[in-house]
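> I am attaching a structure below and will ask some questions about it afterwards.
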Amino acid sequence: MPARFPTAQAVCALAVAGCTWAPQAWSQAPVAAASTAKSASSESAFENSDLDAALFYQLLIGEIQLSASEGSTAFLVMLDAANKTKNEQLYKRAVDMALQIRSGGQALTAVQSWRKALPTSRNAHRYLIELLVALNRSSDTAEPLRSLIRLTPEAERPALITSLPRFFERTGDRNLVPEILTDALRPYIDSPATADASLIAIGRSWQTAGDSARALEFAQRAHARNAGADGPVLLALELLPTSVDAEPIVQGYLKARPEASAVRMFYARALGMSQRYLEALAQVDRVTRDDPAQSPPWLTLGALHLELRQPKEATVALKTFIERIQSTPQVVSPPKPAATTPPPSEAGSETAVQPDDRGLTQAWLMLAQAAEQQGNFKAAEDWLAKVDTPARALEVQVRRASLLGKQGRLPEAVELIRRAPEAGDDDARAKLLAEVALLRDARQWAQASDVLRGANERFKDDPDLLYEQSMMEEKLNRIDEMERLLRRVIELRPDHEHAHNALGFSLADRGLRLVEAKALIMRALELAPGEPFITDSLGWVEYRMGNRDEAIKQLRRAYQSRPDPEIAAHLGEVLWVNGQHEEARRILREGKSRDQANDVLRETVARLKVNL
């Protein structure tokens with residue numbers, strides 16, 4: 001299978017890198033402040049209040065009624081006490097009671113009474129906004145939002161404005177939110193103190209509503225005001241996977257604040273996820289030079305070197321990572337009592353740490369891969385022997401099988417994969433993909449196709465397995481079957497950029513239906529902006545359509561992001577045909593230095609009769 005089309009198994013090792021009212025839904029309502037009140041004891045209602053005997057007995061009766069399952073009566077008693085005393089804690093308790101009996105209407109009544117009695121209470125406004133959203137009445141929040149912002153001290157307004165989109169995280173109609181926030185923030189969007197926060201809040205609401213273009217527009221406006229502001233770059237980083245136009249914001253921020261290592265690492269990760277490994281490498285390398293004592297960036301650096309088939313550099317980076325980790329004491333907190341120990345998903349970063357949690361196992365596995373790339377199979381096995389984490393046992397077996405395959409011992413390698421234990425369907429699927437990878441690397445495409453055909457009978461309509469089989473059909477020159485499988489993948493997963501790209505490139509490479517081929521590739525680029533292999537496909541289809549200048553432009557862009565041998569072959573060919581022989585030789589020579597066995601590169605050089 002061509003390297004240009006990622007396999008389901010191949011994952012970049014950047015390791016360091018509306019609810020409608022209903023009783024059953026009320027417990028999930030996003031009323032953060034009100035949920036805090038749920039846990040409050042009745043004693044909290046008495047704080048800072050003039051508690052006389054009559055009030056004491058009234059509150060006691062309310063709590064007794066609640067305990068006796070007379071929730072509505074208890075609520076009315078507590079709300080009456082709150083209205084008499086104008087006590088904020090009692091209003092909170094009344095809301096709490098309404099929530100306990102799943103009565104959104106009574107909770108809203110209590111909050112409205114609270115706000116009327118204490119019109120300057122910011123808590124009352126927060127409760128009101130959150131309840132309206134929970135009751136699917138987001139359109140009614142505009143006025144209390146304006147009032148809450150007005151009541152907030154000027155020094156605190158930017159933080160409040162930035163947090164406004166969180167009020168609407170579970171709204172039933174997210175398309176309303178940008179309009180609501182735009183209306184509420186109109187007085188603040190041109191004020192120097194609140195402009196940035198207002199623009200980002202509105203931008204995030206557009207992002208949540210699914211309109212990335214509008215979100216980017218607001219991020220760009222905020223960035224133009226202040227290139228070193230955090231808000232625009234954080235929004236831009238979230239938009240990067242779907243919009244390359246967000247990239248200048250990140251680059252501008254890093255120019256204004258070159259010391260921002262965390263943003264640089266997030267940027268590198270986004271570039272790596274788009275397979276723009278060379279650009280990602282430059283970012284991570286800068287971090288390791290600026291702050292060499294940090295350990296995680298060294299692991300990411302090693303992973304990127306591996307992806308670029310630079311095993312010596314990868315080995316240096318990974319060994320540096322291990323040295324940093326082993327010289328840094330582990331942070332192990334004392335065990336907490338069972339009753340208060342949080343579940344894994346809520347545990348903090350200072351809970352007990354196992355060696356694998358710090359990335360050592362990942363580093364050993366990648367060092368084995370680096371040794372394998374250099375043909376040092378003994379060193380690779382030595383690194384694999386260090387891994388004793390049961391959860392990674394299958395991964396170790398896959399790597400050992402790869403070593404056997406590289407040594408021409410394919411039957412042993414396949415048998416090793418098949419004998420590996422499997423805990424469930426995920427492991428079984430991973431084993432099948434690993435076996436296919438072995439057969440593919442050994443050019444046993446017919447056998448690989450047979451394995452995948454059986455896998456697709458077992459795992460019906462699995463997009464990744466169908467995609468893999470389509471690639472084997474392409475190798476066997478069964479183009480009609482390849483196209484049928486890829487169209488099925490697109491039907492199952494319309495956002496599968498690699499299926500669009502593979503079909504578009506395969507058509508273009510054969511000079512078939514070029515207009516359709518380009519449309520498929522353009523759709524793939526919409527789904528994965530800037531991805532080098534898809535950009536390469538666009539250059540190749542432009543070449544097939546006779547547009548050499550545009551082809552060279554796109555192919556150069558792809559090669560600069562990822563200097564892969566196949567991209568080198570395409571760029572070299574177009575340059576050669578265009579009469580730019582010296583540059584073509586240089587590009588083809590660079591590609592050969594990275595992988596002399598690449599089929600596309602070898603065929604291109606031979607067909608063009610280029611003397612390297």
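Labeling convention for the structure tokens: chains A, B, ... as they appear, residues from 1 per chain, ligands from 1 in order of appearance.
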List as a VMD selection string the protein and nucleic acid residues near Leu151 of chain A, meaning an atom at most 12 Å away when only C-alpha atoms are counted, but skip any in the same chain fewer than 2 places from it.
chain A and resid 119 to 126 144 to 149 153 to 157 160
> Fewer than 5 positions away in the same chain doesn't count, so skip those; otherwise give me all residues within 10 Å of Leu507 of chain A, counting only C-alpha atoms, as number ranges by chain.
A: 479, 483, 501-502, 512-518, 520, 541
> Which neighbours of segment 438-442 of chain A fall inside 10 Å, counting only C-alpha atoms, when residues of the same chain fewer than 2 positions from it are skipped, and could you give them as a PyMOL selection string?
chain A and resi 1-2+398+401-406+408+410-411+413-414+417+433-436+444-449+451+471-472+475
> Could you save those same residues with N, CA, C and O atoms as a CSV table (one decimal), in the first residue's frame?

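Output file selection-v4.csv follows:
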chain,number,residue,atom,x,y,z
A,1,MET,N,0.9,-1.2,0.0
A,1,MET,CA,0.0,0.0,0.0
A,1,MET,C,0.9,1.2,0.0
A,1,MET,O,1.9,1.3,0.7
A,2,PRO,N,0.5,2.3,-0.8
A,2,PRO,CA,1.4,3.5,-0.8
A,2,PRO,C,1.5,4.1,0.6
A,2,PRO,O,0.5,4.1,1.3
A,398,VAL,N,3.5,-7.1,18.4
A,398,VAL,CA,3.5,-6.5,17.0
A,398,VAL,C,4.8,-6.1,16.6
A,398,VAL,O,5.3,-6.3,15.4
A,401,ALA,N,7.0,-9.0,15.9
A,401,ALA,CA,6.7,-9.6,14.6
A,401,ALA,C,7.2,-8.8,13.4
A,401,ALA,O,7.7,-9.4,12.4
A,402,SER,N,7.2,-7.5,13.6
A,402,SER,CA,7.8,-6.6,12.6
A,402,SER,C,9.3,-6.9,12.4
A,402,SER,O,9.8,-7.0,11.3
A,403,LEU,N,10.0,-7.1,13.5
A,403,LEU,CA,11.4,-7.5,13.4
A,403,LEU,C,11.6,-8.8,12.6
A,403,LEU,O,12.5,-8.9,11.8
A,404,LEU,N,10.8,-9.8,12.9
A,404,LEU,CA,10.9,-11.0,12.2
A,404,LEU,C,10.6,-10.8,10.7
A,404,LEU,O,11.3,-11.4,9.9
A,405,GLY,N,9.6,-10.1,10.4
A,405,GLY,CA,9.3,-9.8,9.0
A,405,GLY,C,10.4,-9.1,8.3
A,405,GLY,O,10.7,-9.5,7.1
A,406,LYS,N,11.1,-8.2,8.9
A,406,LYS,CA,12.2,-7.5,8.3
A,406,LYS,C,13.4,-8.4,8.0
A,406,LYS,O,14.2,-8.2,7.2
A,408,GLY,N,13.0,-11.5,7.0
A,408,GLY,CA,12.6,-12.5,6.0
A,408,GLY,C,11.9,-13.7,6.6
A,408,GLY,O,11.7,-14.7,6.0
A,410,LEU,N,8.7,-14.3,7.6
A,410,LEU,CA,7.3,-13.9,7.5
A,410,LEU,C,6.4,-14.9,8.2
A,410,LEU,O,5.5,-14.5,9.0
A,411,PRO,N,6.5,-16.2,7.9
A,411,PRO,CA,5.6,-17.2,8.6
A,411,PRO,C,5.7,-17.1,10.1
A,411,PRO,O,4.7,-17.2,10.8
A,413,ALA,N,6.6,-14.5,11.9
A,413,ALA,CA,6.0,-13.2,12.3
A,413,ALA,C,4.5,-13.3,12.3
A,413,ALA,O,3.9,-12.8,13.3
A,414,VAL,N,3.9,-13.9,11.3
A,414,VAL,CA,2.4,-14.0,11.2
A,414,VAL,C,1.9,-14.9,12.4
A,414,VAL,O,1.0,-14.6,13.0
A,417,ILE,N,1.9,-13.0,15.7
A,417,ILE,CA,0.7,-12.2,15.8
A,417,ILE,C,-0.5,-13.0,16.1
A,417,ILE,O,-1.3,-12.6,17.0
A,433,LEU,N,-5.1,-6.1,11.7
A,433,LEU,CA,-4.4,-5.0,11.0
A,433,LEU,C,-2.9,-5.2,11.1
A,433,LEU,O,-2.2,-4.9,10.1
A,434,ALA,N,-2.3,-5.7,12.2
A,434,ALA,CA,-0.9,-6.0,12.3
A,434,ALA,C,-0.5,-7.0,11.3
A,434,ALA,O,0.6,-6.9,10.6
A,435,GLU,N,-1.3,-8.1,11.1
A,435,GLU,CA,-1.0,-9.1,10.2
A,435,GLU,C,-1.0,-8.6,8.7
A,435,GLU,O,-0.1,-8.9,7.9
A,436,VAL,N,-1.9,-7.7,8.5
A,436,VAL,CA,-2.0,-7.1,7.1
A,436,VAL,C,-0.8,-6.3,6.9
A,436,VAL,O,-0.2,-6.3,5.8
A,444,GLN,N,3.0,-9.2,-0.1
A,444,GLN,CA,2.0,-10.3,-0.3
A,444,GLN,C,0.6,-9.7,-0.3
A,444,GLN,O,-0.2,-9.9,0.6
A,445,TRP,N,0.3,-9.0,-1.3
A,445,TRP,CA,-0.9,-8.2,-1.4
A,445,TRP,C,-2.1,-9.1,-1.5
A,445,TRP,O,-3.2,-8.8,-0.9
A,446,ALA,N,-2.1,-10.2,-2.2
A,446,ALA,CA,-3.2,-11.1,-2.4
A,446,ALA,C,-3.6,-11.7,-1.0
A,446,ALA,O,-4.7,-11.8,-0.7
A,447,GLN,N,-2.5,-12.1,-0.3
A,447,GLN,CA,-2.8,-12.7,1.1
A,447,GLN,C,-3.4,-11.7,2.0
A,447,GLN,O,-4.3,-11.9,2.8
A,448,ALA,N,-2.8,-10.4,1.9
A,448,ALA,CA,-3.3,-9.4,2.8
A,448,ALA,C,-4.8,-9.1,2.4
A,448,ALA,O,-5.6,-8.9,3.3
A,449,SER,N,-5.1,-9.1,1.1
A,449,SER,CA,-6.5,-8.9,0.7
A,449,SER,C,-7.4,-10.0,1.3
A,449,SER,O,-8.6,-9.7,1.7
A,451,VAL,N,-7.0,-11.7,4.0
A,451,VAL,CA,-7.1,-11.5,5.5
A,451,VAL,C,-8.1,-10.4,5.7
A,451,VAL,O,-9.0,-10.5,6.6
A,471,MET,N,-7.1,-0.4,-0.3
A,471,MET,CA,-5.7,-0.2,-0.7
A,471,MET,C,-5.1,-1.4,-1.3
A,471,MET,O,-4.2,-1.4,-2.2
A,472,MET,N,-5.4,-2.6,-0.7
A,472,MET,CA,-4.9,-3.9,-1.3
A,472,MET,C,-5.5,-4.1,-2.7
A,472,MET,O,-4.8,-4.6,-3.6
A,475,LYS,N,-3.5,-2.2,-5.1
A,475,LYS,CA,-2.2,-2.9,-5.4
A,475,LYS,C,-2.4,-4.0,-6.4
A,475,LYS,O,-1.5,-4.3,-7.2
> Could you write out, as a PyMOL selection string, all the residues of segment 268-465 of chain A that DSSP marks as alpha helix (DSSP H)?
chain A and resi 268-273+277-290+296-307+311-326+360-373+377-385+393-406+410-419+425-441+445-458+463-465
> Set the distance at 8 Å and use only C-alpha atoms: which residues neighbour Arg174 of chain A once local chain neighbours fewer than 6 positions away are removed? I'd like the list as a ChimeraX atom specification.
/A:168,205,208-209
> Would you kindly return, as number ranges by chain, each protein, DNA or RNA residue with an atom no farther than 12 Å from any atom of segment 542-547 of chain A, considering only C-alpha atoms and excluding same-chain residues fewer than 3 positions away?
A: 504-519, 521-522, 535-539, 550-555, 570-571, 573-575, 577-578
> Which of these residues is nearest to Pro463 of chain A, using only C-alpha atoms: A:Met482, A:Asp549, A:Leu492, A:Asp595?
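For Pro463 of chain A, the nearest of the given residues is A:Leu492.
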> Excluding same-chain residues fewer than 6 positions from Ala110 of chain A, what lies within 10 Å of it counting only C-alpha atoms, as a ChimeraX atom specification?
/A:75-76,78-80,82-83,90-98,104,116,124,127-128
> Take the residues from that selection and put them in a file with C-alpha atoms, as a JSON list (two decimals), in the first residue's frame.

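Output contents, as saved in part.json:
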[["chain", "number", "residue", "atom", "x", "y", "z"],
["A", 75, "PHE", "CA", -40.25, 24.81, 49.29],
["A", 76, "LEU", "CA", -43.11, 27.23, 49.99],
["A", 78, "MET", "CA", -38.50, 28.21, 52.78],
["A", 79, "LEU", "CA", -39.35, 30.71, 50.04],
["A", 80, "ASP", "CA", -41.66, 32.53, 52.46],
["A", 82, "ALA", "CA", -36.48, 34.06, 52.30],
["A", 83, "ASN", "CA", -38.96, 36.72, 51.18],
["A", 90, "LEU", "CA", -32.38, 31.20, 52.28],
["A", 91, "TYR", "CA", -33.10, 31.90, 48.62],
["A", 92, "LYS", "CA", -30.34, 29.47, 47.72],
["A", 93, "ARG", "CA", -31.89, 26.88, 50.01],
["A", 94, "ALA", "CA", -35.30, 27.39, 48.40],
["A", 95, "VAL", "CA", -33.77, 26.80, 44.98],
["A", 96, "ASP", "CA", -32.04, 23.71, 46.36],
["A", 97, "MET", "CA", -35.37, 22.30, 47.55],
["A", 98, "ALA", "CA", -36.99, 22.92, 44.18],
["A", 104, "GLY", "CA", -37.88, 23.64, 37.42],
["A", 116, "LYS", "CA", -36.43, 41.08, 42.81],
["A", 124, "ALA", "CA", -29.20, 35.61, 41.71],
["A", 127, "TYR", "CA", -28.78, 31.23, 38.94],
["A", 128, "LEU", "CA", -31.43, 32.82, 36.73]]
> Residues at most 10 Å from Leu239 of chain A, counting only C-alpha atoms, excluding those fewer than 3 positions away in the same chain, as number ranges by chain?
A: 207, 212-213, 215-216, 219, 233-236, 242-247, 270
> Please save all heavy atoms of the selected residues as a CSV table (one decimal), in the first residue's frame.

chain,number,residue,atom,x,y,z
A,207,GLN,N,-18.2,29.2,17.2
A,207,GLN,CA,-17.5,27.8,17.1
A,207,GLN,C,-18.4,26.8,17.6
A,207,GLN,O,-18.6,25.7,17.0
A,207,GLN,CB,-16.2,27.8,17.9
A,207,GLN,CG,-15.5,26.5,17.9
A,207,GLN,CD,-14.4,26.4,18.9
A,207,GLN,OE1,-14.4,27.1,19.9
A,207,GLN,NE2,-13.4,25.5,18.7
A,212,SER,N,-17.2,27.7,12.0
A,212,SER,CA,-15.8,28.0,12.2
A,212,SER,C,-15.3,29.2,11.5
A,212,SER,O,-14.5,29.9,12.1
A,212,SER,CB,-15.0,26.8,11.8
A,212,SER,OG,-15.2,25.6,12.5
A,213,ALA,N,-15.9,29.5,10.4
A,213,ALA,CA,-15.5,30.7,9.7
A,213,ALA,C,-15.8,32.0,10.5
A,213,ALA,O,-15.0,32.9,10.6
A,213,ALA,CB,-16.2,30.8,8.3
A,215,ALA,N,-16.3,32.1,13.7
A,215,ALA,CA,-15.4,32.1,14.9
A,215,ALA,C,-14.1,32.6,14.6
A,215,ALA,O,-13.5,33.4,15.4
A,215,ALA,CB,-15.4,30.6,15.4
A,216,LEU,N,-13.5,32.2,13.5
A,216,LEU,CA,-12.2,32.7,13.1
A,216,LEU,C,-12.2,34.2,12.9
A,216,LEU,O,-11.2,34.9,13.2
A,216,LEU,CB,-11.7,32.0,11.8
A,216,LEU,CG,-10.4,32.4,11.2
A,216,LEU,CD1,-9.2,32.1,12.3
A,216,LEU,CD2,-10.1,31.6,10.0
A,219,ALA,N,-11.8,35.8,16.2
A,219,ALA,CA,-10.4,35.5,16.7
A,219,ALA,C,-9.4,36.5,16.0
A,219,ALA,O,-8.5,37.0,16.6
A,219,ALA,CB,-10.0,34.1,16.5
A,233,VAL,N,-5.3,33.2,20.5
A,233,VAL,CA,-4.5,32.1,20.1
A,233,VAL,C,-5.1,30.7,20.6
A,233,VAL,O,-5.0,29.7,19.9
A,233,VAL,CB,-3.0,32.2,20.6
A,233,VAL,CG1,-2.9,32.0,22.1
A,233,VAL,CG2,-2.1,31.2,19.9
A,234,LEU,N,-5.7,30.8,21.8
A,234,LEU,CA,-6.4,29.5,22.3
A,234,LEU,C,-7.5,29.1,21.4
A,234,LEU,O,-7.7,27.9,21.1
A,234,LEU,CB,-6.8,29.7,23.7
A,234,LEU,CG,-5.7,29.9,24.8
A,234,LEU,CD1,-6.3,30.2,26.1
A,234,LEU,CD2,-4.8,28.7,24.8
A,235,LEU,N,-8.3,30.1,21.0
A,235,LEU,CA,-9.4,29.8,20.0
A,235,LEU,C,-8.8,29.4,18.7
A,235,LEU,O,-9.3,28.4,18.1
A,235,LEU,CB,-10.3,31.0,19.9
A,235,LEU,CG,-11.5,30.9,18.9
A,235,LEU,CD1,-12.3,29.7,19.3
A,235,LEU,CD2,-12.3,32.2,18.9
A,236,ALA,N,-7.8,30.0,18.2
A,236,ALA,CA,-7.2,29.6,16.9
A,236,ALA,C,-6.6,28.2,17.0
A,236,ALA,O,-6.8,27.5,16.0
A,236,ALA,CB,-6.0,30.6,16.6
A,242,THR,N,-9.5,22.4,11.4
A,242,THR,CA,-10.5,22.6,10.3
A,242,THR,C,-10.2,23.8,9.5
A,242,THR,O,-10.9,24.1,8.5
A,242,THR,CB,-11.9,22.6,10.8
A,242,THR,OG1,-12.0,23.7,11.8
A,242,THR,CG2,-12.3,21.3,11.5
A,243,SER,N,-9.2,24.6,9.9
A,243,SER,CA,-9.0,25.9,9.2
A,243,SER,C,-7.5,26.3,9.3
A,243,SER,O,-7.0,26.7,10.3
A,243,SER,CB,-9.9,27.0,9.8
A,243,SER,OG,-9.5,28.2,9.2
A,244,VAL,N,-6.8,26.2,8.1
A,244,VAL,CA,-5.4,26.6,8.1
A,244,VAL,C,-5.3,28.2,8.2
A,244,VAL,O,-4.3,28.7,8.5
A,244,VAL,CB,-4.7,26.2,6.8
A,244,VAL,CG1,-4.6,24.7,6.7
A,244,VAL,CG2,-5.5,26.7,5.5
A,245,ASP,N,-6.5,28.9,8.0
A,245,ASP,CA,-6.5,30.3,8.1
A,245,ASP,C,-6.3,30.8,9.6
A,245,ASP,O,-6.1,31.9,9.8
A,245,ASP,CB,-7.8,30.9,7.5
A,245,ASP,CG,-7.8,30.7,6.0
A,245,ASP,OD1,-6.8,30.7,5.4
A,245,ASP,OD2,-9.0,30.6,5.5
A,246,ALA,N,-6.5,29.8,10.5
A,246,ALA,CA,-6.2,30.2,11.9
A,246,ALA,C,-4.7,30.2,12.2
A,246,ALA,O,-4.3,30.7,13.3
A,246,ALA,CB,-6.9,29.1,12.8
A,247,GLU,N,-3.9,29.6,11.4
A,247,GLU,CA,-2.5,29.5,11.6
A,247,GLU,C,-1.8,30.8,11.8
A,247,GLU,O,-0.9,30.9,12.7
A,247,GLU,CB,-1.9,28.6,10.5
A,247,GLU,CG,-0.6,27.9,11.0
A,247,GLU,CD,-0.2,26.8,10.1
A,247,GLU,OE1,-1.0,26.4,9.3
A,247,GLU,OE2,1.0,26.4,10.1
A,270,ALA,N,-0.8,20.0,16.7
A,270,ALA,CA,-1.8,20.2,15.6
A,270,ALA,C,-1.1,20.0,14.2
A,270,ALA,O,-1.7,19.3,13.4
A,270,ALA,CB,-2.4,21.6,15.7
> Quick check, in Å to one decimal: how far apart do atom CA of Ile322 of chain A and atom CA of Ala363 of chain A lie?
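These atoms are spaced 7.3 Å apart.
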> What is the distance between atom CA of Pro390 of chain A and atom CA of Ala423 of chain A, in Å to one decimal?
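Calculated distance between atom CA of Pro390 of chain A and atom CA of Ala423 of chain A is 11.3 Å.
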